[in-house]
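J.: One structure is given below, represented as structure tokens, and several questions about it will come after.
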Number of protein chains: 2
Amino acid sequence: MRLLQVKNYLQAKKLDAIVLFNKDPNFKYFVGSDFEHGIMLITKKNNLLFLSQLYRPRIKDFRVVQWKDFKKDFKAFIKKQKIKRVGIDNQNLLVRQKNFLRNHFKTRDASKFLEDLRQNKTKEEINRIKKACRITDKIFKSIINNFKFKTEADIVKYIKIKALELGAEIAFEPIIANAKNAVVAHHKPSSKLRKGFLIIDFGIKYKGYMSDMTRTVYVGKPSKKEKELYEKIKDIQEKCIEKVKIGLRAGKLYDYSLKLFDKDKKYFVHGLGHGIGVEIHEKPNLSLKSKDVLTKGSVFTIEPGYYNKKIGIGIRIEDDIYLGNNKEVLTESTKKLICVKLK
Amino acid sequence: MRLLQVKNYLQAKKLDAIVLFNKDPNFKYFVGSDFEHGIMLITKKNNLLFLSQLYRPRIKDFRVVQWKDFKKDFKAFIKKQKIKRVGIDNQNLLVRQKNFLRNHFKTRDASKFLEDLRQNKTKEEINRIKKACRITDKIFKSIINNFKFKTEADIVKYIKIKALELGAEIAFEPIIANAKNAVVAHHKPSSKLRKGFLIIDFGIKYKGYMSDMTRTVYVGKPSKKEKELYEKIKDIQEKCIEKVKIGLRAGKLYDYSLKLFDKDKKYFVHGLGHGIGVEIHEKPNLSLKSKDVLTKGSVFTIEPGYYNKKIGIGIRIEDDIYLGNNKEVLTESTKKLICVKLK
């Protein structure tokens, strides 16, 4: 299906192939999992992976062509396949990779096509993201039920080990931010836990696909004012999710969230959300003035946050949303304010 | 010390700064650990990290400058610092990053300088690599002492969890290759374990610095011929380590290893080794015809391997070597052929 769309694109743009290098997220997207090496060439007729003989993977839909002498074999290979005009990914290409491609081909940027293609998830992709979300929920529950942590870093370690035990891994370095640290949106976890809000932001990668969830719990007993603040952020998050619909411009949703923040809008310092998939940040981008559209097939986060340095309080709540025939909230952990005790 | 060398380089090349983006290994090298964001600028006077206000890290030797409006603030910032001519890293720059830099500066490639700088490890770097090697040895021992694995993938999972428990993480996806799989140098582990050689190749990352070790054990009881083959590879590996000395060209050592392989040299299909540090492959490169020199301060692997598809046998032995005042073998796990039993 996705490969068919590539072939139609090649036809329309009069290109012989799309050429991608390993480590390009679009490369990962087509081979279906993390992959460390090789050059991928999708032509109208073939799906090829040009790879060192040190590797011998089996990849669905792709034929592996192995080289012994890279330069010589690559030249012969593209001559045989008659590949001259190619689409490349200017968003993710290294300078030296682009120089290499220019030596062999006439190139044209295909990055926008690839980004849009990836935004429209297939059923298989959705299933993997859902599975990643299930594992995320499971780990969050287990964090709460086994709350014996002394430091932020303890929680990070716990999440990483738990993810492996459940047959997955983390999607990105978890952000665990307690008390005053929570006012730094991307805090690096290390400190000893103490009374105050505790932001737990982590994601799981399952068969190459990612989830991303944040819950804010409270260590100790929150004041009435703190409870109210939490309820306000939760309410904003839920209202934004309600507002989500196919065809909505992301920038508009951002404006809506600012209205809900009202007098507190200066404490909302980052984007409202981002697409997820083979990357932890992909299309659509839900930031201020974003022109990206919430299209059918998109999966993205909704994550308003409040960061007030003066009073030393940070709160963020984040869910993953799938816009299919219906709107689905994929992360299911409770958003009721949980209070944990230090042991 | 390293920063001083950068400043001398700036002086000599009449540059105002070295500019690096996050995710560039050289960026990691200067900030001293994995780091996800920012632009680093080392000028003659200052060491600066230009960073979003969402982050607030403490980094030794660096002053963090935070932005709210990236474009506007960056322009004002470089004007204030009077940065015009900059050294960049063409080996690791993305096309779009290079375009961005060209819009703001006159650029000159400094990648070779940076590579050479990184090859000469400081005491602190050596200590981190040594610690990574200690953890590697510990995990290997623990794999052997707890050999209850059913599949190659079980061993991968065990290594990952063990690394986290020991306060570190893996340096790269472990290669665990048993029986016929072992003839593929970079095999993707999954299969059920059975009689035959078992290649265990993994590395640890400790505070940003990596180890890389391979041991080949035997599942079941090896034949006399298999034992002899193992001893031959072990002997080649040890003789190559003996030959290592300051000032030797890597290509020469490779030639020497081929002589030792003798009639079996066609079964040695990859490089003899590679530098390690903040990356798992850095200078020096110990492959055929490499002109890199084994300089004082280098840390690199020595890893001859034998891959015979006809008889379905693969063997590789790999240690990490530090060329200081003396030559030190940093990985200490036994190279005596270990036989494990399936449970």
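Every chain in the structure tokens takes a letter, A first, then B, and so on in the order presented; its residues are numbered from 1, and the ligands are numbered from 1 following the presented order.
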Would you give me, as CSV, each residue of chain A having an atom within 7 Å of an atom of chain B, along with its shortest atom pair and that distance in Å to one decimal, using only C-alpha atoms and sorting by chain and residue number?
T.:
```
residue,atom,partner,partner_atom,distance
A:Leu54,CA,B:Ala185,CA,5.0
A:Tyr55,CA,B:His186,CA,5.2
A:Arg56,CA,B:Val184,CA,6.6
A:Asn90,CA,B:Val95,CA,6.5
A:Gln91,CA,B:Arg96,CA,6.4
A:Asn92,CA,B:Leu94,CA,6.5
A:Leu93,CA,B:Leu94,CA,5.6
A:Leu94,CA,B:Leu94,CA,4.0
A:Val95,CA,B:Val95,CA,4.8
A:Arg96,CA,B:Gln91,CA,6.4
A:Lys157,CA,B:Leu164,CA,6.8
A:Ile161,CA,B:Ile161,CA,5.7
A:Leu164,CA,B:Lys157,CA,6.8
A:Val184,CA,B:Leu54,CA,5.8
A:Ala185,CA,B:Leu54,CA,5.0
A:His186,CA,B:Tyr55,CA,5.2
A:His187,CA,B:Tyr55,CA,6.2
```
J.: For those residues, write C-alpha atoms to a file as a JSON list (two decimals), in the first residue's frame.
T.:
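In the end it all went to out08.json:
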```
[["chain", "number", "residue", "atom", "x", "y", "z"],
["A", 54, "LEU", "CA", 28.39, -8.72, 6.70],
["A", 55, "TYR", "CA", 24.60, -8.54, 7.06],
["A", 56, "ARG", "CA", 21.98, -10.98, 5.90],
["A", 90, "ASN", "CA", 16.75, 16.50, 2.25],
["A", 91, "GLN", "CA", 15.33, 16.69, 5.79],
["A", 92, "ASN", "CA", 17.42, 13.79, 7.04],
["A", 93, "LEU", "CA", 20.37, 13.49, 4.65],
["A", 94, "LEU", "CA", 23.90, 14.07, 5.86],
["A", 95, "VAL", "CA", 26.04, 16.42, 3.79],
["A", 96, "ARG", "CA", 28.41, 13.61, 2.80],
["A", 157, "LYS", "CA", 15.91, 2.96, 35.55],
["A", 161, "ILE", "CA", 14.11, -2.38, 32.82],
["A", 164, "LEU", "CA", 12.72, -4.66, 28.34],
["A", 184, "VAL", "CA", 11.86, 22.74, 33.42],
["A", 185, "ALA", "CA", 9.85, 21.05, 30.66],
["A", 186, "HIS", "CA", 12.76, 18.81, 29.60],
["A", 187, "HIS", "CA", 14.42, 18.31, 32.97]]
```
J.: Near region 78-83 of chain A, within 10 Å and counting only C-alpha atoms, which residues show up once chain neighbours fewer than 5 positions away are dropped, as a count of residues only?
T.: 13
J.: Name all residues at most 9 Å from Leu193 (chain A) (count only C-alpha atoms; drop same-chain ones fewer than 3 positions away) and give them as a JSON list (two decimals) with C-alpha atoms, in the first residue's frame.
T.:
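out20.json, written as the output of this step:
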```json
[["chain", "number", "residue", "atom", "x", "y", "z"],
["A", 149, "PHE", "CA", 11.72, 5.17, 44.58],
["A", 150, "LYS", "CA", 14.18, 7.52, 46.27],
["A", 151, "THR", "CA", 15.24, 9.61, 43.26],
["A", 152, "GLU", "CA", 14.01, 10.69, 39.84],
["A", 178, "ASN", "CA", 9.76, 16.46, 40.75],
["A", 179, "ALA", "CA", 8.91, 19.59, 42.78],
["A", 196, "GLY", "CA", 5.40, 18.28, 45.27],
["A", 198, "LEU", "CA", 6.06, 14.71, 39.92],
["A", 219, "VAL", "CA", 4.36, 13.23, 46.19],
["A", 342, "LEU", "CA", 7.75, 8.48, 50.06]]
```
J.: Step one, run DSSP on the backbone; step two, keep only residues of region 132-172 of chain A assigned to helix (DSSP H, G or I); then write them as an MDAnalysis selection string.
T.: chainID A and resid 132:145 152:165
J.: How would the residues just picked look written out with C-alpha atoms as an mmCIF file, in the first residue's frame?
T.:
```cif
data_model
loop_
_atom_site.group_PDB
_atom_site.id
_atom_site.type_symbol
_atom_site.label_atom_id
_atom_site.label_comp_id
_atom_site.auth_asym_id
_atom_site.auth_seq_id
_atom_site.Cartn_x
_atom_site.Cartn_y
_atom_site.Cartn_z
ATOM 1 C CA ALA A 132 3.242 0.454 22.675
ATOM 2 C CA CYS A 133 0.479 2.386 24.483
ATOM 3 C CA ARG A 134 -0.713 -0.772 26.290
ATOM 4 C CA ILE A 135 2.826 -1.357 27.570
ATOM 5 C CA THR A 136 3.083 2.313 28.576
ATOM 6 C CA ASP A 137 -0.111 2.075 30.623
ATOM 7 C CA LYS A 138 1.107 -1.142 32.220
ATOM 8 C CA ILE A 139 4.412 0.411 33.249
ATOM 9 C CA PHE A 140 2.725 3.524 34.631
ATOM 10 C CA LYS A 141 0.432 1.373 36.754
ATOM 11 C CA SER A 142 3.383 -0.593 37.955
ATOM 12 C CA ILE A 143 5.310 2.586 38.866
ATOM 13 C CA ILE A 144 2.410 3.690 41.049
ATOM 14 C CA ASN A 145 1.851 0.279 42.606
ATOM 15 C CA GLU A 152 14.014 10.692 39.843
ATOM 16 C CA ALA A 153 16.780 8.552 38.338
ATOM 17 C CA ASP A 154 15.411 5.452 40.119
ATOM 18 C CA ILE A 155 12.164 5.854 38.195
ATOM 19 C CA VAL A 156 14.026 6.203 34.885
ATOM 20 C CA LYS A 157 15.906 2.959 35.554
ATOM 21 C CA TYR A 158 12.698 1.201 36.574
ATOM 22 C CA ILE A 159 10.950 2.226 33.346
ATOM 23 C CA LYS A 160 13.859 1.048 31.187
ATOM 24 C CA ILE A 161 14.111 -2.375 32.818
ATOM 25 C CA LYS A 162 10.338 -2.867 32.890
ATOM 26 C CA ALA A 163 10.123 -2.006 29.169
ATOM 27 C CA LEU A 164 12.720 -4.665 28.341
ATOM 28 C CA GLU A 165 10.996 -7.231 30.530
#
```
J.: With only C-alpha atoms as the counted atoms, please give the residues lying no more than 8 Å from region 223-240 of chain B, apart from itself and same-chain residues fewer than 4 positions off, as a tab-separated table (two decimals) with N, CA and C atoms, in the first residue's frame.
T.:
```
chain	number	residue	atom	x	y	z
B	244	VAL	N	50.86	-4.63	18.19
B	244	VAL	CA	50.42	-3.24	18.34
B	244	VAL	C	51.50	-2.40	19.01
B	253	LEU	N	49.13	-3.53	10.20
B	253	LEU	CA	48.68	-4.55	11.16
B	253	LEU	C	47.67	-5.47	10.48
B	256	TYR	N	49.49	-7.93	8.44
B	256	TYR	CA	50.08	-8.93	9.34
B	256	TYR	C	49.04	-9.98	9.73
B	257	SER	N	47.81	-9.52	10.02
B	257	SER	CA	46.76	-10.47	10.40
B	257	SER	C	46.46	-11.42	9.23
B	260	LEU	N	48.88	-14.19	9.13
B	260	LEU	CA	48.61	-15.19	10.16
B	260	LEU	C	47.43	-16.08	9.77
B	261	PHE	N	46.42	-15.50	9.11
B	261	PHE	CA	45.28	-16.31	8.66
B	261	PHE	C	45.73	-17.32	7.60
B	302	ILE	N	40.74	-5.01	18.68
B	302	ILE	CA	41.42	-5.97	17.79
B	302	ILE	C	40.50	-7.18	17.73
B	303	GLU	N	39.98	-7.47	16.53
B	303	GLU	CA	38.91	-8.47	16.44
B	303	GLU	C	38.93	-9.27	15.14
B	304	PRO	N	39.94	-10.12	14.97
B	304	PRO	CA	39.91	-10.99	13.79
B	304	PRO	C	38.72	-11.95	13.88
B	305	GLY	N	38.21	-12.36	12.75
B	305	GLY	CA	37.07	-13.28	12.73
B	305	GLY	C	37.18	-14.26	11.58
B	306	TYR	N	36.48	-15.36	11.74
B	306	TYR	CA	36.51	-16.43	10.73
B	306	TYR	C	35.07	-16.79	10.41
B	315	ILE	N	33.59	-17.63	14.05
B	315	ILE	CA	34.32	-17.39	15.31
B	315	ILE	C	34.86	-15.96	15.28
B	316	ARG	N	34.70	-15.21	16.38
B	316	ARG	CA	35.32	-13.88	16.46
B	316	ARG	C	35.74	-13.62	17.90
B	317	ILE	N	36.91	-13.05	18.07
B	317	ILE	CA	37.41	-12.71	19.40
B	317	ILE	C	37.86	-11.25	19.36
B	318	GLU	N	37.39	-10.47	20.32
B	318	GLU	CA	37.62	-9.02	20.26
B	318	GLU	C	37.96	-8.46	21.64
B	335	LYS	N	39.74	-15.89	27.41
B	335	LYS	CA	39.63	-16.28	26.00
B	335	LYS	C	39.78	-17.79	25.84
B	337	LEU	N	38.50	-21.39	25.53
B	337	LEU	CA	37.20	-21.79	24.95
B	337	LEU	C	36.27	-22.32	26.04
```
J.: Give me the residues within 10 Å of Ile338 (chain B) as a list in words, counting only C-alpha atoms and dropping any in the same chain fewer than 5 places off.
T.: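 Selected residues are Ile144, Phe197, Arg215, Thr216, Val217, Tyr218, Val219, Gly220 and Lys221 of chain B.
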J.: Mind writing the picked residues with N, CA and C atoms as a PDB file, in the first residue's frame?
T.:
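part-v4.pdb, freshly written:
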```pdb
ATOM      1  N   ILE B 144      27.728 -16.444  31.391  1.00  0.00           N
ATOM      2  CA  ILE B 144      28.243 -17.819  31.451  1.00  0.00           C
ATOM      3  C   ILE B 144      27.737 -18.536  32.708  1.00  0.00           C
ATOM      4  N   PHE B 197      29.285 -23.149  17.733  1.00  0.00           N
ATOM      5  CA  PHE B 197      29.872 -21.928  18.284  1.00  0.00           C
ATOM      6  C   PHE B 197      28.782 -20.890  18.532  1.00  0.00           C
ATOM      7  N   ARG B 215      33.331 -12.505  22.607  1.00  0.00           N
ATOM      8  CA  ARG B 215      33.849 -13.813  22.956  1.00  0.00           C
ATOM      9  C   ARG B 215      33.032 -14.843  22.190  1.00  0.00           C
ATOM     10  N   THR B 216      33.681 -15.922  21.794  1.00  0.00           N
ATOM     11  CA  THR B 216      32.971 -17.009  21.140  1.00  0.00           C
ATOM     12  C   THR B 216      33.041 -18.216  22.062  1.00  0.00           C
ATOM     13  N   VAL B 217      31.867 -18.694  22.475  1.00  0.00           N
ATOM     14  CA  VAL B 217      31.828 -19.877  23.333  1.00  0.00           C
ATOM     15  C   VAL B 217      31.257 -21.036  22.507  1.00  0.00           C
ATOM     16  N   TYR B 218      31.187 -22.198  23.103  1.00  0.00           N
ATOM     17  CA  TYR B 218      30.650 -23.345  22.362  1.00  0.00           C
ATOM     18  C   TYR B 218      29.454 -23.937  23.115  1.00  0.00           C
ATOM     19  N   VAL B 219      28.361 -24.115  22.392  1.00  0.00           N
ATOM     20  CA  VAL B 219      27.189 -24.760  22.983  1.00  0.00           C
ATOM     21  C   VAL B 219      27.335 -26.255  22.727  1.00  0.00           C
ATOM     22  N   GLY B 220      27.486 -27.038  23.789  1.00  0.00           N
ATOM     23  CA  GLY B 220      27.714 -28.479  23.637  1.00  0.00           C
ATOM     24  C   GLY B 220      29.204 -28.785  23.671  1.00  0.00           C
ATOM     25  N   LYS B 221      29.582 -29.834  22.974  1.00  0.00           N
ATOM     26  CA  LYS B 221      30.985 -30.271  23.000  1.00  0.00           C
ATOM     27  C   LYS B 221      31.603 -30.111  21.614  1.00  0.00           C
TER      28      LYS B 221
END
```
J.: Find the residues near Ser298 (chain A): any atom within 12 Å, counting only C-alpha atoms, skip ones fewer than 5 places away on the same chain, and give them as a ChimeraX atom specification.
T.: /A:115-123,125-126,129,244-248,250,274-277,282-286,292-293,320-328
J.: Grab the residues selected above and save them as an mmCIF file, in the first residue's frame with C-alpha atoms.
T.:
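Generated output (result.cif):
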```cif
data_model
loop_
_atom_site.group_PDB
_atom_site.id
_atom_site.type_symbol
_atom_site.label_atom_id
_atom_site.label_comp_id
_atom_site.auth_asym_id
_atom_site.auth_seq_id
_atom_site.Cartn_x
_atom_site.Cartn_y
_atom_site.Cartn_z
ATOM 1 C CA GLU A 115 6.478 13.106 5.633
ATOM 2 C CA ASP A 116 2.910 13.203 4.384
ATOM 3 C CA LEU A 117 2.966 9.506 3.545
ATOM 4 C CA ARG A 118 4.094 8.708 7.091
ATOM 5 C CA GLN A 119 1.393 10.863 8.647
ATOM 6 C CA ASN A 120 -1.276 8.563 7.222
ATOM 7 C CA LYS A 121 -0.820 5.424 9.311
ATOM 8 C CA THR A 122 -1.745 1.931 8.102
ATOM 9 C CA LYS A 123 -3.630 -0.577 10.222
ATOM 10 C CA GLU A 125 1.249 0.746 12.203
ATOM 11 C CA ILE A 126 -1.727 1.622 14.393
ATOM 12 C CA ILE A 129 1.412 2.053 18.376
ATOM 13 C CA VAL A 244 -9.785 17.378 17.774
ATOM 14 C CA LYS A 245 -11.363 16.435 14.464
ATOM 15 C CA ILE A 246 -10.328 15.452 10.966
ATOM 16 C CA GLY A 247 -9.382 18.478 8.890
ATOM 17 C CA LEU A 248 -8.620 20.829 11.797
ATOM 18 C CA ALA A 250 -3.079 22.328 14.296
ATOM 19 C CA HIS A 274 3.321 16.269 17.900
ATOM 20 C CA GLY A 275 2.816 13.312 15.619
ATOM 21 C CA ILE A 276 4.305 9.964 16.668
ATOM 22 C CA GLY A 277 5.263 6.886 14.656
ATOM 23 C CA GLU A 282 6.837 13.656 13.282
ATOM 24 C CA LYS A 283 3.928 15.205 11.451
ATOM 25 C CA PRO A 284 1.560 16.803 12.434
ATOM 26 C CA ASN A 285 3.250 19.474 14.527
ATOM 27 C CA LEU A 286 0.748 20.994 16.977
ATOM 28 C CA ASP A 292 -0.183 21.122 9.645
ATOM 29 C CA VAL A 293 -3.610 19.538 9.384
ATOM 30 C CA ASP A 320 -1.825 9.821 22.295
ATOM 31 C CA ILE A 321 -4.735 10.308 19.893
ATOM 32 C CA TYR A 322 -5.544 8.323 16.755
ATOM 33 C CA LEU A 323 -7.785 9.962 14.179
ATOM 34 C CA GLY A 324 -9.334 7.005 12.372
ATOM 35 C CA ASN A 325 -12.980 6.662 11.459
ATOM 36 C CA ASN A 326 -13.482 7.666 15.062
ATOM 37 C CA LYS A 327 -11.236 9.562 17.382
ATOM 38 C CA GLU A 328 -9.437 7.200 19.770
#
```
J.: Can you tell me how far CA of Lys23 (chain B) sits from CA of Gly203 (chain A), in Å to one decimal?
T.: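 CA of Gly203 (chain A) lies at a distance of 19.8 Å from CA of Lys23 (chain B).
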J.: Which residues come within 12 Å of Asp34 (chain A), counting only C-alpha atoms, excluding same-chain residues fewer than 4 positions away, as a list in words?
T.: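 Contacts, with the query itself left out: Asn22, Lys23, Asp24, Pro25, Asn26, Phe27, Lys28, Tyr29, Phe30, Gly38, Pro57, Ile59, Glu169, Ala171, Lys205, Tyr206, Lys207, Gly208, Tyr209, Met210, Val278 and Glu279 of chain A; Glu173 and Lys188 of chain B.
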J.: Considering only C-alpha atoms, state which residue in the set B:Asp109, B:Asp69, B:Asp264, B:Asp61 is at the smallest distance from Arg85 (chain B).
T.: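 Checking each candidate against Arg85 (chain B), we get B:Asp109 as the closest.
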J.: To test your reading of the structure, identify every residue in region 138-271 of chain B that backbone DSSP assigns to strand (DSSP E or B), and report it as a count of residues only.
T.: 28
